[in-house]
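> Structure below; questions to follow.
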Amino acid sequence: MIKGVYDVDCGTWSPQGKLIQVEYAMEAVKQGSICLGLKSQEYAVLCSLKRAPSELSSYMDKTFKVDDHMGLSMAGLTADARSLCKYMRNECLNYKYNYEVAHPVERLIFKIAEKSQKKTQSVSTRPYGVGLLVIGVDQTGTHLFETCPSGNFYEYNAYSIGARSQAARTYLENHFQKFSKASLERLILHGLKALKGAVQEETDFNTRSVEIAFVGLKENFTTLKEDQVDSYLKKLAD
């Protein structure tokens, strides 16, 4: 049977019981540049590899601040990620205005999952072509969540998404037992080692292409500057 018959919208099931457009959206996440997250009892860290559309352009940002206690990194369509990030920022502002406390992380992830799932129910819309890794802290501790275009979401101790992410996941699976009591510096170095294992060419791994962000129980969400990233890359080389 011709796949094109079943992928014209999200309301048509294939004979195999699949929504083809949702699978296309999941594939967009797999084709995006890699990003990964890992957490300890006190910190959560995001490491991502930025791409430049051409040699004449700047690198595209992959990490965005949502609130003081939360941020995200994305793989897939950047425009979709910005749209979801704007929604998350508005929800955090509204929650803080109404209740005078920061938005609980898992509750916001549930809202994103619900919003993504609604996109798969209508023939007039398409799924979001982006996967998010969200880190945050609240009264229950540190968190790392992944959201999918299908509307699913998962919490992890460490995870990676995007192109060649399996190589990074292999490293994280072999070392995640060390993360729970790790310091911020050790957590970032573990993230960079995993990220470097997924890079095809050494020249792609530099201060301009690598992006690092973290949040802590006592520290706000922070994205490191290039000179700070360079210091960690030098420690990694040593």
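Chain labels run A, B, ... following the order of the structure tokens; each chain numbers its residues from 1, and ligands are numbered from 1 in the order shown.
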Out of range 46-224 of chain A, which residues get strand (DSSP E) from DSSP, as a PyMOL selection string?
chain A and resi 46-49+63-67+70-76+130-138+141-147+153-155+158-161+210-216+219-223
> Could you pull the residues within 10 Å of Cys47 in chain A, counting only C-alpha atoms, minus those fewer than 5 positions along the same chain, as an MDAnalysis selection string?
chainID A and resid 34:38 62:63 73 160 188:192 194:195 210:214 223
> Pull C-alpha atoms from the residues just selected and write them as a compact mmCIF listing (two decimals), in the first residue's frame.

# COMPACT_ATOMS: atom_id res chain seq x y z
CA ILE A 34 21.94 16.66 19.55
CA CYS A 35 21.18 17.94 23.04
CA LEU A 36 21.39 16.12 26.36
CA GLY A 37 20.52 16.62 29.99
CA LEU A 38 21.60 15.10 33.29
CA LYS A 62 19.17 25.67 21.15
CA THR A 63 18.76 26.53 24.84
CA SER A 73 16.97 22.64 25.09
CA SER A 160 19.81 12.75 25.00
CA ILE A 188 29.06 19.43 33.24
CA LEU A 189 32.21 17.45 32.36
CA HIS A 190 30.18 14.22 32.18
CA GLY A 191 27.74 16.00 29.87
CA LEU A 192 30.54 17.25 27.62
CA ALA A 194 28.79 12.31 26.34
CA LEU A 195 28.27 15.12 23.82
CA VAL A 210 28.72 23.98 22.36
CA GLU A 211 26.05 25.41 24.64
CA ILE A 212 25.87 24.69 28.39
CA ALA A 213 23.18 25.67 30.87
CA PHE A 214 22.34 24.64 34.43
CA THR A 223 23.51 29.77 30.34
> Please measure the separation of CA of His143 in chain A and CA of Gln121 in chain A, giving the value in Å to one decimal.
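About the pair CA of His143 in chain A and CA of Gln121 in chain A: they are 28.9 Å apart.
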> If we count only C-alpha atoms and set the cut-off at 10 Å, which residues sit around Gln166 in chain A, ignoring sequence neighbours fewer than 4 positions away in its own chain? Please answer as a ChimeraX atom specification.
/A:34,159-162,170-172,194,197-198
> Please tabulate, as JSON lines, the residues of range 65-175 of chain A that come within 9 Å of range 8-17 of chain A, each with its closest pair of atoms and the distance in Å to one decimal, counting only C-alpha atoms and ordering rows by chain, then residue number upward.

{"residue": "A:Lys119", "atom": "CA", "partner": "A:Cys10", "partner_atom": "CA", "distance": 8.3}
{"residue": "A:Thr120", "atom": "CA", "partner": "A:Cys10", "partner_atom": "CA", "distance": 5.6}
{"residue": "A:Gln121", "atom": "CA", "partner": "A:Cys10", "partner_atom": "CA", "distance": 6.4}
{"residue": "A:Ser122", "atom": "CA", "partner": "A:Gly11", "partner_atom": "CA", "distance": 6.2}
{"residue": "A:Val123", "atom": "CA", "partner": "A:Asp9", "partner_atom": "CA", "distance": 5.2}
{"residue": "A:Ser124", "atom": "CA", "partner": "A:Asp9", "partner_atom": "CA", "distance": 7.5}
{"residue": "A:Thr125", "atom": "CA", "partner": "A:Cys10", "partner_atom": "CA", "distance": 7.6}
{"residue": "A:Arg126", "atom": "CA", "partner": "A:Cys10", "partner_atom": "CA", "distance": 6.8}
{"residue": "A:Pro127", "atom": "CA", "partner": "A:Cys10", "partner_atom": "CA", "distance": 8.0}
> Would you save the residues from that selection as a JSON list (two decimals), in the first residue's frame, using N, CA and C atoms?

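Okay, part.json is ready:
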[["chain", "number", "residue", "atom", "x", "y", "z"],
["A", 119, "LYS", "N", -2.60, 18.53, 19.08],
["A", 119, "LYS", "CA", -2.19, 18.78, 17.70],
["A", 119, "LYS", "C", -2.29, 17.51, 16.84],
["A", 120, "THR", "N", -2.41, 16.35, 17.49],
["A", 120, "THR", "CA", -2.50, 15.09, 16.74],
["A", 120, "THR", "C", -3.95, 14.66, 16.54],
["A", 121, "GLN", "N", -4.91, 15.45, 17.01],
["A", 121, "GLN", "CA", -6.32, 15.04, 16.97],
["A", 121, "GLN", "C", -7.11, 15.67, 15.83],
["A", 122, "SER", "N", -6.54, 16.68, 15.19],
["A", 122, "SER", "CA", -7.29, 17.44, 14.19],
["A", 122, "SER", "C", -6.65, 17.31, 12.81],
["A", 123, "VAL", "N", -7.49, 17.24, 11.78],
["A", 123, "VAL", "CA", -6.98, 17.17, 10.41],
["A", 123, "VAL", "C", -6.49, 18.52, 9.93],
["A", 124, "SER", "N", -6.81, 19.59, 10.63],
["A", 124, "SER", "CA", -6.43, 20.93, 10.20],
["A", 124, "SER", "C", -5.13, 21.42, 10.83],
["A", 125, "THR", "N", -4.50, 20.60, 11.67],
["A", 125, "THR", "CA", -3.24, 20.97, 12.30],
["A", 125, "THR", "C", -2.21, 19.88, 12.07],
["A", 126, "ARG", "N", -0.96, 20.21, 12.38],
["A", 126, "ARG", "CA", 0.11, 19.22, 12.30],
["A", 126, "ARG", "C", 0.78, 19.10, 13.66],
["A", 127, "PRO", "N", 1.43, 17.99, 13.95],
["A", 127, "PRO", "CA", 2.14, 17.85, 15.23],
["A", 127, "PRO", "C", 3.32, 18.82, 15.30]]
> Set the distance at 9 Å and use only C-alpha atoms: which residues neighbour Gly76 in chain A once local chain neighbours fewer than 5 positions away are removed? I'd like the list as an mmCIF file with N, CA and C atoms, in the first residue's frame.

data_model
loop_
_atom_site.group_PDB
_atom_site.id
_atom_site.type_symbol
_atom_site.label_atom_id
_atom_site.label_comp_id
_atom_site.auth_asym_id
_atom_site.auth_seq_id
_atom_site.Cartn_x
_atom_site.Cartn_y
_atom_site.Cartn_z
ATOM 1 N N ALA A 25 6.960 13.673 12.521
ATOM 2 C CA ALA A 25 7.379 14.656 13.514
ATOM 3 C C ALA A 25 8.461 14.089 14.432
ATOM 4 N N MET A 26 8.311 12.820 14.806
ATOM 5 C CA MET A 26 9.344 12.163 15.629
ATOM 6 C C MET A 26 10.663 12.073 14.871
ATOM 7 N N GLU A 27 10.571 11.890 13.550
ATOM 8 C CA GLU A 27 11.784 11.819 12.731
ATOM 9 C C GLU A 27 12.465 13.184 12.664
ATOM 10 N N ALA A 28 11.683 14.261 12.672
ATOM 11 C CA ALA A 28 12.268 15.604 12.684
ATOM 12 C C ALA A 28 13.119 15.815 13.935
ATOM 13 N N VAL A 29 12.674 15.250 15.049
ATOM 14 C CA VAL A 29 13.458 15.338 16.284
ATOM 15 C C VAL A 29 14.773 14.573 16.132
ATOM 16 N N LYS A 30 14.709 13.392 15.526
ATOM 17 C CA LYS A 30 15.916 12.578 15.342
ATOM 18 C C LYS A 30 16.917 13.245 14.409
ATOM 19 N N GLN A 31 16.440 14.071 13.479
ATOM 20 C CA GLN A 31 17.323 14.738 12.530
ATOM 21 C C GLN A 31 17.914 16.027 13.085
ATOM 22 N N GLY A 32 17.367 16.525 14.197
ATOM 23 C CA GLY A 32 17.884 17.758 14.790
ATOM 24 C C GLY A 32 19.226 17.548 15.453
ATOM 25 N N SER A 33 19.960 18.628 15.671
ATOM 26 C CA SER A 33 21.261 18.507 16.330
ATOM 27 C C SER A 33 21.079 18.057 17.775
ATOM 28 N N ALA A 81 9.848 25.156 18.711
ATOM 29 C CA ALA A 81 10.392 25.244 20.069
ATOM 30 C C ALA A 81 10.159 26.629 20.657
ATOM 31 N N GLY A 129 6.985 19.641 15.461
ATOM 32 C CA GLY A 129 8.138 18.875 15.006
ATOM 33 C C GLY A 129 9.361 19.115 15.864
ATOM 34 N N VAL A 130 9.187 19.043 17.175
ATOM 35 C CA VAL A 130 10.298 19.341 18.070
ATOM 36 C C VAL A 130 10.187 18.492 19.329
ATOM 37 N N GLY A 131 11.336 18.078 19.836
ATOM 38 C CA GLY A 131 11.418 17.421 21.132
ATOM 39 C C GLY A 131 12.136 18.338 22.110
ATOM 40 N N LEU A 132 11.697 18.365 23.348
ATOM 41 C CA LEU A 132 12.274 19.255 24.354
ATOM 42 C C LEU A 132 12.894 18.448 25.491
ATOM 43 N N GLY A 162 18.081 13.828 19.476
ATOM 44 C CA GLY A 162 18.676 14.429 18.298
ATOM 45 C C GLY A 162 19.552 13.456 17.537
#
> Please return as a JSON list (two decimals) with N, CA and C atoms, in the first residue's frame: the residues of range 174-227 of chain A that backbone DSSP assigns to alpha helix (DSSP H).

[["chain", "number", "residue", "atom", "x", "y", "z"],
["A", 174, "ASN", "N", 26.15, 4.22, 31.08],
["A", 174, "ASN", "CA", 27.28, 3.58, 31.75],
["A", 174, "ASN", "C", 27.77, 4.36, 32.97],
["A", 175, "HIS", "N", 27.37, 5.63, 33.10],
["A", 175, "HIS", "CA", 27.93, 6.45, 34.17],
["A", 175, "HIS", "C", 26.88, 7.14, 35.05],
["A", 184, "LEU", "N", 28.63, 20.38, 40.45],
["A", 184, "LEU", "CA", 28.25, 21.01, 39.18],
["A", 184, "LEU", "C", 29.33, 20.82, 38.12],
["A", 185, "GLU", "N", 30.58, 21.01, 38.51],
["A", 185, "GLU", "CA", 31.69, 20.87, 37.55],
["A", 185, "GLU", "C", 31.76, 19.45, 36.99],
["A", 186, "ARG", "N", 31.67, 18.46, 37.86],
["A", 186, "ARG", "CA", 31.73, 17.06, 37.40],
["A", 186, "ARG", "C", 30.53, 16.73, 36.52],
["A", 187, "LEU", "N", 29.37, 17.28, 36.85],
["A", 187, "LEU", "CA", 28.17, 17.01, 36.06],
["A", 187, "LEU", "C", 28.32, 17.59, 34.65],
["A", 188, "ILE", "N", 28.85, 18.81, 34.55],
["A", 188, "ILE", "CA", 29.06, 19.43, 33.24],
["A", 188, "ILE", "C", 30.10, 18.65, 32.43],
["A", 189, "LEU", "N", 31.18, 18.20, 33.08],
["A", 189, "LEU", "CA", 32.21, 17.45, 32.36],
["A", 189, "LEU", "C", 31.67, 16.11, 31.86],
["A", 190, "HIS", "N", 30.82, 15.46, 32.65],
["A", 190, "HIS", "CA", 30.18, 14.22, 32.18],
["A", 190, "HIS", "C", 29.30, 14.52, 30.95],
["A", 191, "GLY", "N", 28.57, 15.63, 31.00],
["A", 191, "GLY", "CA", 27.74, 16.00, 29.87],
["A", 191, "GLY", "C", 28.55, 16.27, 28.62],
["A", 192, "LEU", "N", 29.68, 16.95, 28.77],
["A", 192, "LEU", "CA", 30.54, 17.25, 27.62],
["A", 192, "LEU", "C", 31.18, 15.98, 27.05],
["A", 193, "LYS", "N", 31.56, 15.05, 27.91],
["A", 193, "LYS", "CA", 32.12, 13.78, 27.43],
["A", 193, "LYS", "C", 31.09, 13.01, 26.60],
["A", 194, "ALA", "N", 29.85, 12.98, 27.09],
["A", 194, "ALA", "CA", 28.79, 12.31, 26.34],
["A", 194, "ALA", "C", 28.52, 13.01, 25.02],
["A", 195, "LEU", "N", 28.52, 14.35, 25.04],
["A", 195, "LEU", "CA", 28.27, 15.12, 23.82],
["A", 195, "LEU", "C", 29.39, 14.93, 22.81],
["A", 196, "LYS", "N", 30.62, 14.92, 23.29],
["A", 196, "LYS", "CA", 31.76, 14.76, 22.39],
["A", 196, "LYS", "C", 31.75, 13.41, 21.70],
["A", 197, "GLY", "N", 31.25, 12.38, 22.39],
["A", 197, "GLY", "CA", 31.18, 11.05, 21.80],
["A", 197, "GLY", "C", 30.21, 10.95, 20.65],
["A", 226, "GLU", "N", 30.78, 32.11, 26.41],
["A", 226, "GLU", "CA", 31.78, 31.38, 25.62],
["A", 226, "GLU", "C", 33.07, 31.16, 26.39],
["A", 227, "ASP", "N", 33.52, 32.15, 27.16],
["A", 227, "ASP", "CA", 34.77, 31.98, 27.90],
["A", 227, "ASP", "C", 34.63, 30.93, 29.00]]
> Please measure the separation of CA of Lys178 in chain A and CA of Leu236 in chain A, giving the value in Å to one decimal.
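Answer for the CA of Lys178 in chain A to CA of Leu236 in chain A separation: 17.1 Å.
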> Looking at A:Cys148, A:Tyr59, A:Lys181, A:Asn206, which one is nearest to Tyr232 in chain A, with distances taken over only C-alpha atoms?
A:Asn206
> Any idea what the distance is between CA of Leu144 in chain A and CA of Met88 in chain A?
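So the answer is 15.5 Å.
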> Name the closest residue to Val134 in chain A among the candidates A:His69, A:Lys96, A:Lys218, A:Lys235; distances are taken between atoms, counting only C-alpha atoms.
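Ranking A:His69, A:Lys96, A:Lys218, A:Lys235 by distance to Val134 in chain A, first place goes to A:His69.
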